[in-house]
>>> print(open('run32.cif').read())   # mmCIF, C-alpha atoms
data_upload
loop_
_atom_site.label_atom_id
_atom_site.label_comp_id
_atom_site.auth_asym_id
_atom_site.auth_seq_id
_atom_site.Cartn_x
_atom_site.Cartn_y
_atom_site.Cartn_z
CA MET A 1 58.27 105.03 38.12
CA ASN A 2 55.24 102.95 37.17
CA PHE A 3 56.60 99.40 36.76
CA ARG A 4 54.90 96.80 34.58
CA THR A 5 54.84 93.02 34.50
CA LEU A 6 57.09 91.63 31.77
CA GLY A 7 55.11 89.13 29.72
CA ARG A 8 54.16 86.18 31.87
CA THR A 9 57.35 86.29 33.96
CA GLY A 10 55.84 88.02 36.98
CA VAL A 11 58.91 90.31 36.91
CA LYS A 12 58.28 94.04 37.33
CA VAL A 13 60.19 96.21 34.87
CA SER A 14 60.39 99.89 34.13
CA PRO A 15 58.30 101.03 31.16
CA PHE A 16 61.56 101.97 29.47
CA CYS A 17 64.11 99.33 28.59
CA LEU A 18 67.69 100.34 27.87
CA GLY A 19 68.56 98.75 24.54
CA THR A 20 72.29 98.42 24.02
CA PHE A 21 72.76 97.58 20.34
CA ASN A 22 75.49 100.25 19.96
CA PHE A 23 77.02 99.86 23.43
CA GLY A 24 79.89 97.85 22.05
CA ASN A 25 81.61 99.53 19.19
CA PRO A 26 81.22 102.39 18.22
CA THR A 27 80.32 103.69 21.71
CA PRO A 28 83.42 104.23 23.85
CA LYS A 29 83.50 101.90 26.88
CA ASP A 30 83.44 104.66 29.50
CA ASP A 31 80.50 106.37 27.78
CA ALA A 32 78.52 103.12 27.62
CA ILE A 33 79.08 102.50 31.32
CA LYS A 34 78.10 106.10 32.20
CA ILE A 35 74.89 105.78 30.16
CA ILE A 36 73.99 102.51 31.88
CA HIS A 37 74.65 104.03 35.32
CA HIS A 38 72.54 107.07 34.44
CA ALA A 39 69.68 104.85 33.25
CA ILE A 40 69.80 102.80 36.47
CA ASP A 41 70.00 105.94 38.61
CA SER A 42 66.95 107.27 36.73
CA GLY A 43 64.89 104.21 37.62
CA ILE A 44 65.34 102.00 34.57
CA ASN A 45 65.78 98.43 35.77
CA PHE A 46 65.53 96.56 32.44
CA ILE A 47 68.54 96.24 30.12
CA ASP A 48 68.45 94.39 26.80
CA THR A 49 71.41 93.18 24.78
CA ALA A 50 72.53 90.27 22.61
CA ASN A 51 75.67 88.23 22.38
CA GLY A 52 76.12 89.57 18.84
CA TYR A 53 76.16 93.21 19.93
CA SER A 54 79.96 93.53 19.90
CA THR A 55 81.23 94.15 23.45
CA SER A 56 77.86 95.27 24.81
CA GLU A 57 77.47 92.37 27.27
CA GLU A 58 80.93 92.94 28.71
CA ARG A 59 80.23 96.64 29.23
CA ILE A 60 76.87 95.92 30.84
CA GLY A 61 78.60 93.44 33.15
CA ARG A 62 81.04 96.10 34.30
CA ALA A 63 78.28 98.67 34.75
CA ILE A 64 75.97 96.44 36.82
CA ALA A 65 78.66 94.98 39.07
CA GLY A 66 77.50 95.65 42.62
CA ARG A 67 74.00 96.54 41.42
CA ARG A 68 72.91 93.21 39.97
CA GLU A 69 70.06 92.56 42.41
CA SER A 70 68.07 95.54 41.12
CA ILE A 71 68.60 94.96 37.38
CA ILE A 72 66.67 92.73 34.98
CA VAL A 73 69.08 91.56 32.27
CA ALA A 74 67.80 90.25 28.94
CA THR A 75 70.08 88.92 26.24
CA LYS A 76 69.52 86.95 23.09
CA THR A 77 71.14 84.79 20.45
CA LEU A 78 70.77 84.04 16.77
CA ALA A 79 71.90 80.44 17.39
CA ARG A 80 69.58 77.79 16.00
CA THR A 81 71.40 74.67 17.21
CA SER A 82 71.82 73.43 20.77
CA ASP A 83 75.62 73.41 20.50
CA LYS A 84 75.83 77.01 19.32
CA MET A 85 73.18 78.11 21.80
CA GLU A 86 75.04 76.47 24.69
CA ALA A 87 78.25 78.26 23.64
CA HIS A 88 76.44 81.59 23.31
CA LEU A 89 74.76 81.17 26.70
CA SER A 90 78.07 80.33 28.35
CA ASN A 91 79.74 83.34 26.71
CA SER A 92 76.89 85.64 27.76
CA LEU A 93 77.11 84.54 31.39
CA LYS A 94 80.85 85.15 31.36
CA SER A 95 80.68 88.48 29.52
CA LEU A 96 77.89 89.81 31.72
CA GLY A 97 79.66 88.57 34.85
CA VAL A 98 76.46 87.00 36.17
CA GLU A 99 75.44 83.56 37.41
CA THR A 100 71.87 83.90 36.11
CA ILE A 101 70.33 85.66 33.12
CA ASP A 102 66.82 86.93 33.81
CA LEU A 103 65.51 86.59 30.24
CA TYR A 104 67.26 84.62 27.50
CA GLN A 105 65.74 85.05 24.07
CA PHE A 106 65.77 83.43 20.68
CA HIS A 107 66.59 86.42 18.47
CA ASN A 108 64.80 87.26 15.22
CA ILE A 109 62.36 84.38 14.95
CA SER A 110 60.70 85.86 11.89
CA ASP A 111 59.57 82.92 9.77
CA ALA A 112 57.87 79.57 10.34
CA ALA A 113 61.05 77.61 9.64
CA ALA A 114 62.96 79.43 12.40
CA LEU A 115 60.09 78.96 14.85
CA ASN A 116 59.94 75.23 14.07
CA ILE A 117 63.70 74.88 14.56
CA VAL A 118 63.72 76.49 18.00
CA LEU A 119 60.61 74.57 19.10
CA ASP A 120 62.05 71.16 18.19
CA THR A 121 61.84 69.20 21.46
CA LYS A 122 65.33 67.77 20.83
CA GLY A 123 66.74 71.18 19.97
CA PRO A 124 67.43 74.61 21.41
CA VAL A 125 64.20 75.04 23.40
CA SER A 126 64.95 71.93 25.45
CA LEU A 127 68.45 73.23 26.17
CA LEU A 128 66.96 76.48 27.52
CA GLN A 129 64.27 74.65 29.49
CA ASN A 130 67.06 72.65 31.12
CA ALA A 131 68.94 75.89 31.83
CA VAL A 132 65.83 77.20 33.60
CA LYS A 133 65.69 74.03 35.73
CA ARG A 134 69.37 74.49 36.61
CA GLY A 135 68.85 78.16 37.51
CA ILE A 136 71.14 79.50 34.77
CA ILE A 137 68.31 81.47 33.19
CA LYS A 138 65.00 82.47 34.70
CA HIS A 139 62.79 82.98 31.65
CA ILE A 140 62.73 82.13 27.93
CA GLY A 141 61.60 84.59 25.28
CA ILE A 142 61.82 85.41 21.61
CA SER A 143 62.19 88.47 19.46
CA SER A 144 60.62 88.65 16.02
CA HIS A 145 60.24 91.04 13.14
CA ASN A 146 57.07 89.37 11.87
CA ILE A 147 53.80 89.92 13.75
CA ASP A 148 52.19 86.72 12.47
CA ILE A 149 55.13 84.60 13.60
CA ALA A 150 55.19 86.43 16.94
CA LYS A 151 51.50 85.62 17.44
CA ALA A 152 52.10 81.98 16.48
CA ALA A 153 54.98 81.81 18.96
CA VAL A 154 52.82 83.18 21.78
CA LYS A 155 50.15 80.57 21.04
CA THR A 156 52.69 77.75 21.59
CA GLY A 157 52.91 78.63 25.29
CA GLN A 158 56.67 77.96 25.20
CA PHE A 159 57.82 81.53 25.76
CA ASP A 160 57.52 83.86 28.72
CA THR A 161 57.98 86.96 26.54
#
>>> encode(input="run32.cif", output="structure tokens")
Amino acid sequence: MNFRTLGRTGVKVSPFCLGTFNFGNPTPKDDAIKIIHHAIDSGINFIDTANGYSTSEERIGRAIAGRRESIIVATKTLARTSDKMEAHLSNSLKSLGVETIDLYQFHNISDAAALNIVLDTKGPVSLLQNAVKRGIIKHIGISSHNIDIAKAAVKTGQFDT
């Protein structure tokens, strides 16, 4: 497989990422785990989820147990306050059964107000920067549904993806 560098992380990922939006309900647990194993066995090393995707993180955690070193795990949160983000991060670590998350993302930053909230130096971005320093996460990213906001976010230099 021809691996690519993920954003400015330096991490090499497969050109296909396994998105797991439906890997909680309604997908049966055993089926979700089989799909994840098949993806890994086929060379996919990048799995994306979110704490809001039902039981997806828990199922990923079960599927990657014993294979963690070869998998890049990305998860995300809709939290916009440090308190909620800290709780979501803690829950994601527990659900995934990992000590470190490779890419932790602010989810759906699609307007200027949301971007300003997450970039507040006393807010969520500082919490994640501290988590990077402590080794809890490796990289910070965002997801967006607005190309202009995504471009503005990239220009801030605060995000690795």
>>> resolve_selection(input="run32.cif", expression="the PyMOL selection byres ((chain A and resi 80) around 7)", output="NGL selection string")
:A and (78-79 or 81-82 or 85 or 117-118 or 124)
>>> atom_distance(input="run32.cif", atom1="CA of Arg134 in chain A", atom2="CA of Thr156 in chain A")
22.7 Å
>>> resolve_selection(input="run32.cif", expression="the PyMOL selection byres ((chain A and resi 77) around 10)", output="list in words")
Thr49, Ala50, Asn51, Gly52, Tyr53, Thr75, Lys76, Leu78, Ala79, Arg80, Lys84, Met85, His88, Leu89, Ser92, Tyr104, Gln105, Phe106, His107, Asn108, Ile142 and Ser143 of chain A
>>> closest_residue(input="run32.cif", among="A:Pro15, A:Pro26, A:Gly97, A:Gly141", to="Ala65 in chain A", atoms="all atoms listed in the file")
A:Gly97
>>> resolve_selection(input="run32.cif", expression="the PyMOL selection byres ((chain A and resi 64) around 12)", output="VMD selection string")
chain A and resid 32 to 41 45 to 47 57 to 63 65 to 73 95 to 98
>>> atom_distance(input="run32.cif", atom1="CA of Asn91 in chain A", atom2="CA of Gly24 in chain A")
15.2 Å
>>> closest_residue(input="run32.cif", among="A:Ile101, A:Asn25, A:Ala112, A:Thr20", to="Ala150 in chain A", atoms="only C-alpha atoms")
A:Ala112
>>> atom_distance(input="run32.cif", atom1="CA of Lys12 in chain A", atom2="CA of Lys94 in chain A")
25.0 Å
>>> residues_near_point(input="run32.cif", point="(56.3, 103.9, 35.6)", cutoff="10 Å", atoms="all atoms listed in the file", output="PyMOL selection string")
chain A and resi 1-4+13-16+43-44
>>> residues_around(input="run32.cif", residues="Asn116 in chain A", least_positions_apart="2", cutoff="12 Å", atoms="all atoms listed in the file", output="VMD selection string")
chain A and resid 80 to 81 109 to 114 118 to 125 149 152 to 153 156 158
>>> closest_residue(input="run32.cif", among="A:Leu115, A:Lys151, A:Leu103, A:Val132", to="Arg8 in chain A", atoms="only C-alpha atoms")
A:Leu103
>>> build_atoms(input="run32.cif", residues="range 56-73 of chain A", atoms="N, CA, C and O atoms", output="PDB file, keeping the file's coordinate frame")
ATOM      1  N   SER A  56      78.943  94.748  23.972  1.00  0.00           N
ATOM      2  CA  SER A  56      77.860  95.270  24.810  1.00  0.00           C
ATOM      3  C   SER A  56      77.699  94.488  26.111  1.00  0.00           C
ATOM      4  O   SER A  56      77.581  95.085  27.188  1.00  0.00           O
ATOM      5  N   GLU A  57      77.670  93.158  26.041  1.00  0.00           N
ATOM      6  CA  GLU A  57      77.470  92.370  27.270  1.00  0.00           C
ATOM      7  C   GLU A  57      78.581  92.623  28.283  1.00  0.00           C
ATOM      8  O   GLU A  57      78.315  92.759  29.478  1.00  0.00           O
ATOM      9  N   GLU A  58      79.799  92.694  27.811  1.00  0.00           N
ATOM     10  CA  GLU A  58      80.930  92.940  28.710  1.00  0.00           C
ATOM     11  C   GLU A  58      80.793  94.298  29.405  1.00  0.00           C
ATOM     12  O   GLU A  58      81.036  94.426  30.604  1.00  0.00           O
ATOM     13  N   ARG A  59      80.387  95.298  28.663  1.00  0.00           N
ATOM     14  CA  ARG A  59      80.230  96.640  29.230  1.00  0.00           C
ATOM     15  C   ARG A  59      79.070  96.698  30.215  1.00  0.00           C
ATOM     16  O   ARG A  59      79.152  97.361  31.248  1.00  0.00           O
ATOM     17  N   ILE A  60      77.998  96.000  29.906  1.00  0.00           N
ATOM     18  CA  ILE A  60      76.870  95.920  30.840  1.00  0.00           C
ATOM     19  C   ILE A  60      77.339  95.239  32.123  1.00  0.00           C
ATOM     20  O   ILE A  60      77.032  95.693  33.228  1.00  0.00           O
ATOM     21  N   GLY A  61      78.079  94.149  31.984  1.00  0.00           N
ATOM     22  CA  GLY A  61      78.600  93.440  33.150  1.00  0.00           C
ATOM     23  C   GLY A  61      79.391  94.348  34.071  1.00  0.00           C
ATOM     24  O   GLY A  61      79.221  94.324  35.294  1.00  0.00           O
ATOM     25  N   ARG A  62      80.252  95.161  33.488  1.00  0.00           N
ATOM     26  CA  ARG A  62      81.040  96.100  34.300  1.00  0.00           C
ATOM     27  C   ARG A  62      80.144  97.139  34.972  1.00  0.00           C
ATOM     28  O   ARG A  62      80.348  97.504  36.117  1.00  0.00           O
ATOM     29  N   ALA A  63      79.147  97.598  34.227  1.00  0.00           N
ATOM     30  CA  ALA A  63      78.280  98.670  34.750  1.00  0.00           C
ATOM     31  C   ALA A  63      77.358  98.176  35.860  1.00  0.00           C
ATOM     32  O   ALA A  63      77.029  98.946  36.766  1.00  0.00           O
ATOM     33  N   ILE A  64      76.927  96.927  35.818  1.00  0.00           N
ATOM     34  CA  ILE A  64      75.970  96.440  36.820  1.00  0.00           C
ATOM     35  C   ILE A  64      76.647  95.743  37.994  1.00  0.00           C
ATOM     36  O   ILE A  64      75.968  95.352  38.943  1.00  0.00           O
ATOM     37  N   ALA A  65      77.943  95.604  37.942  1.00  0.00           N
ATOM     38  CA  ALA A  65      78.660  94.980  39.070  1.00  0.00           C
ATOM     39  C   ALA A  65      78.324  95.754  40.340  1.00  0.00           C
ATOM     40  O   ALA A  65      78.405  96.977  40.378  1.00  0.00           O
ATOM     41  N   GLY A  66      77.883  95.029  41.360  1.00  0.00           N
ATOM     42  CA  GLY A  66      77.500  95.650  42.620  1.00  0.00           C
ATOM     43  C   GLY A  66      76.065  96.148  42.640  1.00  0.00           C
ATOM     44  O   GLY A  66      75.584  96.601  43.671  1.00  0.00           O
ATOM     45  N   ARG A  67      75.382  96.082  41.510  1.00  0.00           N
ATOM     46  CA  ARG A  67      74.000  96.540  41.420  1.00  0.00           C
ATOM     47  C   ARG A  67      73.090  95.441  40.853  1.00  0.00           C
ATOM     48  O   ARG A  67      71.936  95.701  40.540  1.00  0.00           O
ATOM     49  N   ARG A  68      73.595  94.275  40.697  1.00  0.00           N
ATOM     50  CA  ARG A  68      72.910  93.210  39.970  1.00  0.00           C
ATOM     51  C   ARG A  68      71.510  92.905  40.507  1.00  0.00           C
ATOM     52  O   ARG A  68      70.592  92.628  39.734  1.00  0.00           O
ATOM     53  N   GLU A  69      71.333  92.955  41.817  1.00  0.00           N
ATOM     54  CA  GLU A  69      70.060  92.560  42.410  1.00  0.00           C
ATOM     55  C   GLU A  69      68.888  93.433  41.969  1.00  0.00           C
ATOM     56  O   GLU A  69      67.739  93.006  41.997  1.00  0.00           O
ATOM     57  N   SER A  70      69.158  94.637  41.504  1.00  0.00           N
ATOM     58  CA  SER A  70      68.070  95.540  41.120  1.00  0.00           C
ATOM     59  C   SER A  70      67.867  95.627  39.606  1.00  0.00           C
ATOM     60  O   SER A  70      66.998  96.352  39.150  1.00  0.00           O
ATOM     61  N   ILE A  71      68.629  94.853  38.840  1.00  0.00           N
ATOM     62  CA  ILE A  71      68.600  94.960  37.380  1.00  0.00           C
ATOM     63  C   ILE A  71      68.069  93.684  36.752  1.00  0.00           C
ATOM     64  O   ILE A  71      68.465  92.579  37.122  1.00  0.00           O
ATOM     65  N   ILE A  72      67.173  93.838  35.779  1.00  0.00           N
ATOM     66  CA  ILE A  72      66.670  92.730  34.980  1.00  0.00           C
ATOM     67  C   ILE A  72      67.476  92.733  33.679  1.00  0.00           C
ATOM     68  O   ILE A  72      67.425  93.704  32.916  1.00  0.00           O
ATOM     69  N   VAL A  73      68.222  91.658  33.450  1.00  0.00           N
ATOM     70  CA  VAL A  73      69.080  91.560  32.270  1.00  0.00           C
ATOM     71  C   VAL A  73      68.456  90.588  31.274  1.00  0.00           C
ATOM     72  O   VAL A  73      68.165  89.442  31.609  1.00  0.00           O
TER      73      VAL A  73
END
